[in-house]
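Structure file my_file.txt (compact mmCIF, C-alpha atoms) follows.
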```txt
# COMPACT_ATOMS: atom_id res chain seq x y z
CA ASN A 1 97.54 52.65 136.03
CA SER A 2 96.80 55.50 133.67
CA ALA A 3 97.31 59.21 133.70
CA GLY A 4 96.39 62.18 131.59
CA ALA A 5 98.50 65.13 130.60
CA SER A 6 98.19 68.30 128.60
CA VAL A 7 101.00 70.00 126.77
CA TYR A 8 100.70 73.63 125.72
CA ARG A 9 103.00 75.14 123.15
CA THR A 10 103.03 78.70 121.86
CA PRO A 11 103.35 79.05 118.08
CA SER A 12 104.71 82.28 116.62
CA ILE A 13 105.16 83.64 113.12
CA ILE A 14 108.27 85.79 112.82
CA GLN A 15 108.52 87.89 109.70
CA GLU A 16 111.50 89.46 107.96
CA THR A 17 111.25 92.77 109.81
CA SER A 18 112.93 91.12 112.79
CA ALA A 19 115.59 89.44 110.64
CA THR A 20 119.13 90.55 109.90
CA ARG A 21 119.83 90.77 106.17
CA THR A 22 123.11 91.06 104.29
CA GLY A 23 123.48 91.53 100.55
CA THR A 24 120.68 92.59 98.23
CA TRP A 25 117.09 91.70 99.14
CA THR A 26 113.96 93.04 97.47
CA ARG A 27 110.70 93.46 99.37
CA LYS A 28 107.65 92.14 97.47
CA SER A 29 104.06 92.90 98.38
CA SER A 30 101.15 90.50 97.82
CA THR A 31 98.19 89.19 99.78
CA SER A 32 99.63 85.71 99.07
CA TYR A 33 102.52 86.36 101.47
CA LEU A 34 102.41 86.15 105.26
CA GLY A 35 101.67 89.63 106.53
CA GLY A 36 101.38 90.88 102.96
CA TYR A 37 105.03 90.84 101.95
CA SER A 38 108.16 88.75 101.47
CA TYR A 39 111.83 89.26 100.63
CA SER A 40 113.61 87.87 97.56
CA SER A 41 117.26 87.70 96.59
CA SER A 42 119.20 86.42 93.59
CA SER A 43 122.57 87.54 94.97
CA VAL A 44 125.09 84.79 95.66
CA GLY A 45 125.93 84.80 99.35
CA ALA A 46 123.08 87.11 100.42
CA SER A 47 121.84 86.04 103.82
CA ILE A 48 118.94 86.50 106.18
CA SER A 49 118.93 85.34 109.78
CA TRP A 50 116.59 85.20 112.73
CA THR A 51 117.40 84.69 116.40
CA PHE A 52 114.54 83.11 118.32
CA THR A 53 113.78 81.12 121.44
CA GLY A 54 111.89 77.90 120.94
CA ARG A 55 111.97 74.13 120.58
CA SER A 56 110.92 73.97 116.94
CA VAL A 57 111.34 76.15 113.85
CA ALA A 58 110.08 76.06 110.28
CA TRP A 59 111.39 78.18 107.40
CA ILE A 60 108.50 79.50 105.31
CA VAL A 61 109.06 80.28 101.63
CA SER A 62 107.44 80.88 98.29
CA ARG A 63 108.30 78.42 95.52
CA ALA A 64 108.21 78.55 91.71
CA SER A 65 109.88 77.01 88.67
CA THR A 66 112.47 79.81 88.79
CA SER A 67 113.30 79.34 92.48
CA GLY A 68 116.83 78.37 93.43
CA GLN A 69 118.68 76.79 96.31
CA ALA A 70 119.63 77.98 99.78
CA TYR A 71 122.04 76.87 102.48
CA ILE A 72 120.57 76.54 105.97
CA TYR A 73 122.66 77.17 109.06
CA ILE A 74 121.63 76.62 112.65
CA ASP A 75 123.72 78.27 115.36
CA GLY A 76 126.57 78.79 112.90
CA THR A 77 126.65 75.22 111.57
CA LYS A 78 125.52 74.34 108.05
CA VAL A 79 122.84 71.67 108.32
CA THR A 80 121.53 71.28 104.78
CA THR A 81 120.92 72.69 101.32
CA VAL A 82 117.31 73.06 100.19
CA ASP A 83 115.95 73.46 96.67
CA LEU A 84 112.92 75.74 96.39
CA LYS A 85 112.10 74.80 92.79
CA SER A 86 108.49 73.80 92.17
CA SER A 87 106.62 73.11 88.94
CA THR A 88 103.76 75.27 90.22
CA THR A 89 103.86 78.52 92.20
CA LEU A 90 103.33 77.85 95.91
CA TYR A 91 103.04 80.32 98.78
CA ARG A 92 103.52 80.00 102.54
CA GLN A 93 105.36 76.69 102.27
CA ALA A 94 107.21 75.30 105.29
CA ILE A 95 110.11 73.84 103.34
CA TRP A 96 112.36 72.90 106.25
CA THR A 97 111.87 72.23 109.96
CA LYS A 98 114.01 71.48 112.99
CA THR A 99 112.99 70.37 116.47
CA TRP A 100 114.99 70.16 119.69
CA SER A 101 114.21 68.35 122.92
CA SER A 102 113.72 71.58 124.85
CA SER A 103 113.27 75.27 124.25
CA ALA A 104 116.44 77.35 123.85
CA LYS A 105 117.80 80.35 121.99
CA HIS A 106 118.86 79.59 118.40
CA THR A 107 119.85 81.40 115.22
CA LEU A 108 118.60 80.31 111.81
CA LYS A 109 120.55 81.68 108.86
CA ILE A 110 119.66 81.30 105.19
CA ILE A 111 122.28 81.92 102.47
CA VAL A 112 121.41 82.25 98.78
CA VAL A 113 123.36 79.73 96.68
CA GLY A 114 122.83 81.50 93.34
CA THR A 115 121.74 78.43 91.39
CA SER A 116 122.55 78.77 87.67
CA GLY A 117 119.49 79.78 85.65
CA ARG A 118 117.24 80.08 88.72
CA PRO A 119 119.02 81.99 91.46
CA THR A 120 116.02 83.50 93.29
CA VAL A 121 115.17 82.68 96.89
CA THR A 122 111.95 84.12 98.34
CA THR A 123 111.54 83.96 102.10
CA ASP A 124 108.31 84.59 103.96
CA GLY A 125 109.54 84.30 107.53
CA ILE A 126 109.76 81.54 110.11
CA ALA A 127 107.34 79.79 112.42
CA THR A 128 108.46 78.76 115.88
CA ILE A 129 107.03 76.75 118.74
CA GLY A 130 108.13 77.73 122.23
```
Mind converting the file's structure to structure tokens?
Amino acid sequence: NSAGASVYRTPSIIQETSATRTGTWTRKSSTSYLGGYSYSSSSVGASISWTFTGRSVAWIVSRASTSGQAYIYIDGTKVTTVDLKSSTTLYRQAIWTKTWSSSAKHTLKIIVVGTSGRPTVTTDGIATIG
């Protein structure tokens, strides 16, 4: 026996305008960024968070040799620390992803670590799949 099936998922790009920010963040404009802008912070403990409904999420960033580290929290639980450092400047990079078995409401929170000598974190939004 055999059967065919089709699965349809809805991808979405969610930018920083719909995020909640604490601490100091600077808006940067460039055609290299999603939607023409991004937000950067070098402040220890500064955070940005998105609440979304979906089954998969990717955090999209810009990376450079001066980029630092960030803590990633999902639904209030710290899941990892990511290092954005790159030997070359990179834009629109999905640096971290998470997938669940079904679609549900989640909150992704990013906290700036303040890495010595390279504290800057530049976020370009998130991508979700419903």
Return as JSON lines the residues of range 20-101 of chain A lying at most 6 Å from range 118-126 of chain A, together with the closest atom-to-atom pair for each and the distance in Å to one decimal, counting all atoms listed in the file, with rows in chain order and ascending residue number.
```
{"residue": "A:Ser38", "atom": "CA", "partner": "A:Asp124", "partner_atom": "CA", "distance": 4.9}
{"residue": "A:Tyr39", "atom": "CA", "partner": "A:Thr123", "partner_atom": "CA", "distance": 5.5}
{"residue": "A:Ser40", "atom": "CA", "partner": "A:Thr122", "partner_atom": "CA", "distance": 4.2}
{"residue": "A:Ser41", "atom": "CA", "partner": "A:Val121", "partner_atom": "CA", "distance": 5.4}
{"residue": "A:Ser42", "atom": "CA", "partner": "A:Thr120", "partner_atom": "CA", "distance": 4.3}
{"residue": "A:Ala58", "atom": "CA", "partner": "A:Ile126", "partner_atom": "CA", "distance": 5.5}
{"residue": "A:Trp59", "atom": "CA", "partner": "A:Ile126", "partner_atom": "CA", "distance": 4.6}
{"residue": "A:Ile60", "atom": "CA", "partner": "A:Asp124", "partner_atom": "CA", "distance": 5.3}
{"residue": "A:Val61", "atom": "CA", "partner": "A:Thr123", "partner_atom": "CA", "distance": 4.5}
{"residue": "A:Ser62", "atom": "CA", "partner": "A:Thr122", "partner_atom": "CA", "distance": 5.6}
{"residue": "A:Thr66", "atom": "CA", "partner": "A:Arg118", "partner_atom": "CA", "distance": 4.8}
{"residue": "A:Ser67", "atom": "CA", "partner": "A:Thr120", "partner_atom": "CA", "distance": 5.0}
{"residue": "A:Gly68", "atom": "CA", "partner": "A:Pro119", "partner_atom": "CA", "distance": 4.7}
```
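Surrounding residues of (118.8, 95.9, 105.0) at most 12 Å away are A:Glu16, A:Thr17, A:Ser18, A:Ala19, A:Thr20, A:Arg21, A:Thr22, A:Gly23, A:Thr24, A:Trp25, A:Thr26, A:Arg27, A:Tyr39, A:Ser41, A:Ala46, A:Ser47, A:Ile48, A:Ser49 (based on only C-alpha atoms).
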Would you save the residues from that selection as an mmCIF file, in the coordinates of the input, using C-alpha atoms?
```
data_model
loop_
_atom_site.group_PDB
_atom_site.id
_atom_site.type_symbol
_atom_site.label_atom_id
_atom_site.label_comp_id
_atom_site.auth_asym_id
_atom_site.auth_seq_id
_atom_site.Cartn_x
_atom_site.Cartn_y
_atom_site.Cartn_z
ATOM 1 C CA GLU A 16 111.500 89.460 107.960
ATOM 2 C CA THR A 17 111.250 92.770 109.810
ATOM 3 C CA SER A 18 112.930 91.120 112.790
ATOM 4 C CA ALA A 19 115.590 89.440 110.640
ATOM 5 C CA THR A 20 119.130 90.550 109.900
ATOM 6 C CA ARG A 21 119.830 90.770 106.170
ATOM 7 C CA THR A 22 123.110 91.060 104.290
ATOM 8 C CA GLY A 23 123.480 91.530 100.550
ATOM 9 C CA THR A 24 120.680 92.590 98.230
ATOM 10 C CA TRP A 25 117.090 91.700 99.140
ATOM 11 C CA THR A 26 113.960 93.040 97.470
ATOM 12 C CA ARG A 27 110.700 93.460 99.370
ATOM 13 C CA TYR A 39 111.830 89.260 100.630
ATOM 14 C CA SER A 41 117.260 87.700 96.590
ATOM 15 C CA ALA A 46 123.080 87.110 100.420
ATOM 16 C CA SER A 47 121.840 86.040 103.820
ATOM 17 C CA ILE A 48 118.940 86.500 106.180
ATOM 18 C CA SER A 49 118.930 85.340 109.780
#
```
Just how far from CA of Ala64 in chain A is CA of Ser87 in chain A, in Å to one decimal?
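Separation of CA of Ser87 in chain A and CA of Ala64 in chain A: 6.3 Å.
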Of the residues A:Thr115, A:Thr99, A:Thr107, A:Asn1, which is the one nearest to Thr53 in chain A, using all atoms listed in the file?
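Going through A:Thr115, A:Thr99, A:Thr107, A:Asn1 one by one, the smallest distance to Thr53 in chain A is for A:Thr107.
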What is the CA of Ile72 in chain A-CA of Lys85 in chain A distance in Å, reported with one decimal?
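Calculated distance between CA of Ile72 in chain A and CA of Lys85 in chain A is 15.8 Å.
In this model, the gap between CA of Ser101 in chain A and CA of Pro11 in chain A comes to 16.0 Å.
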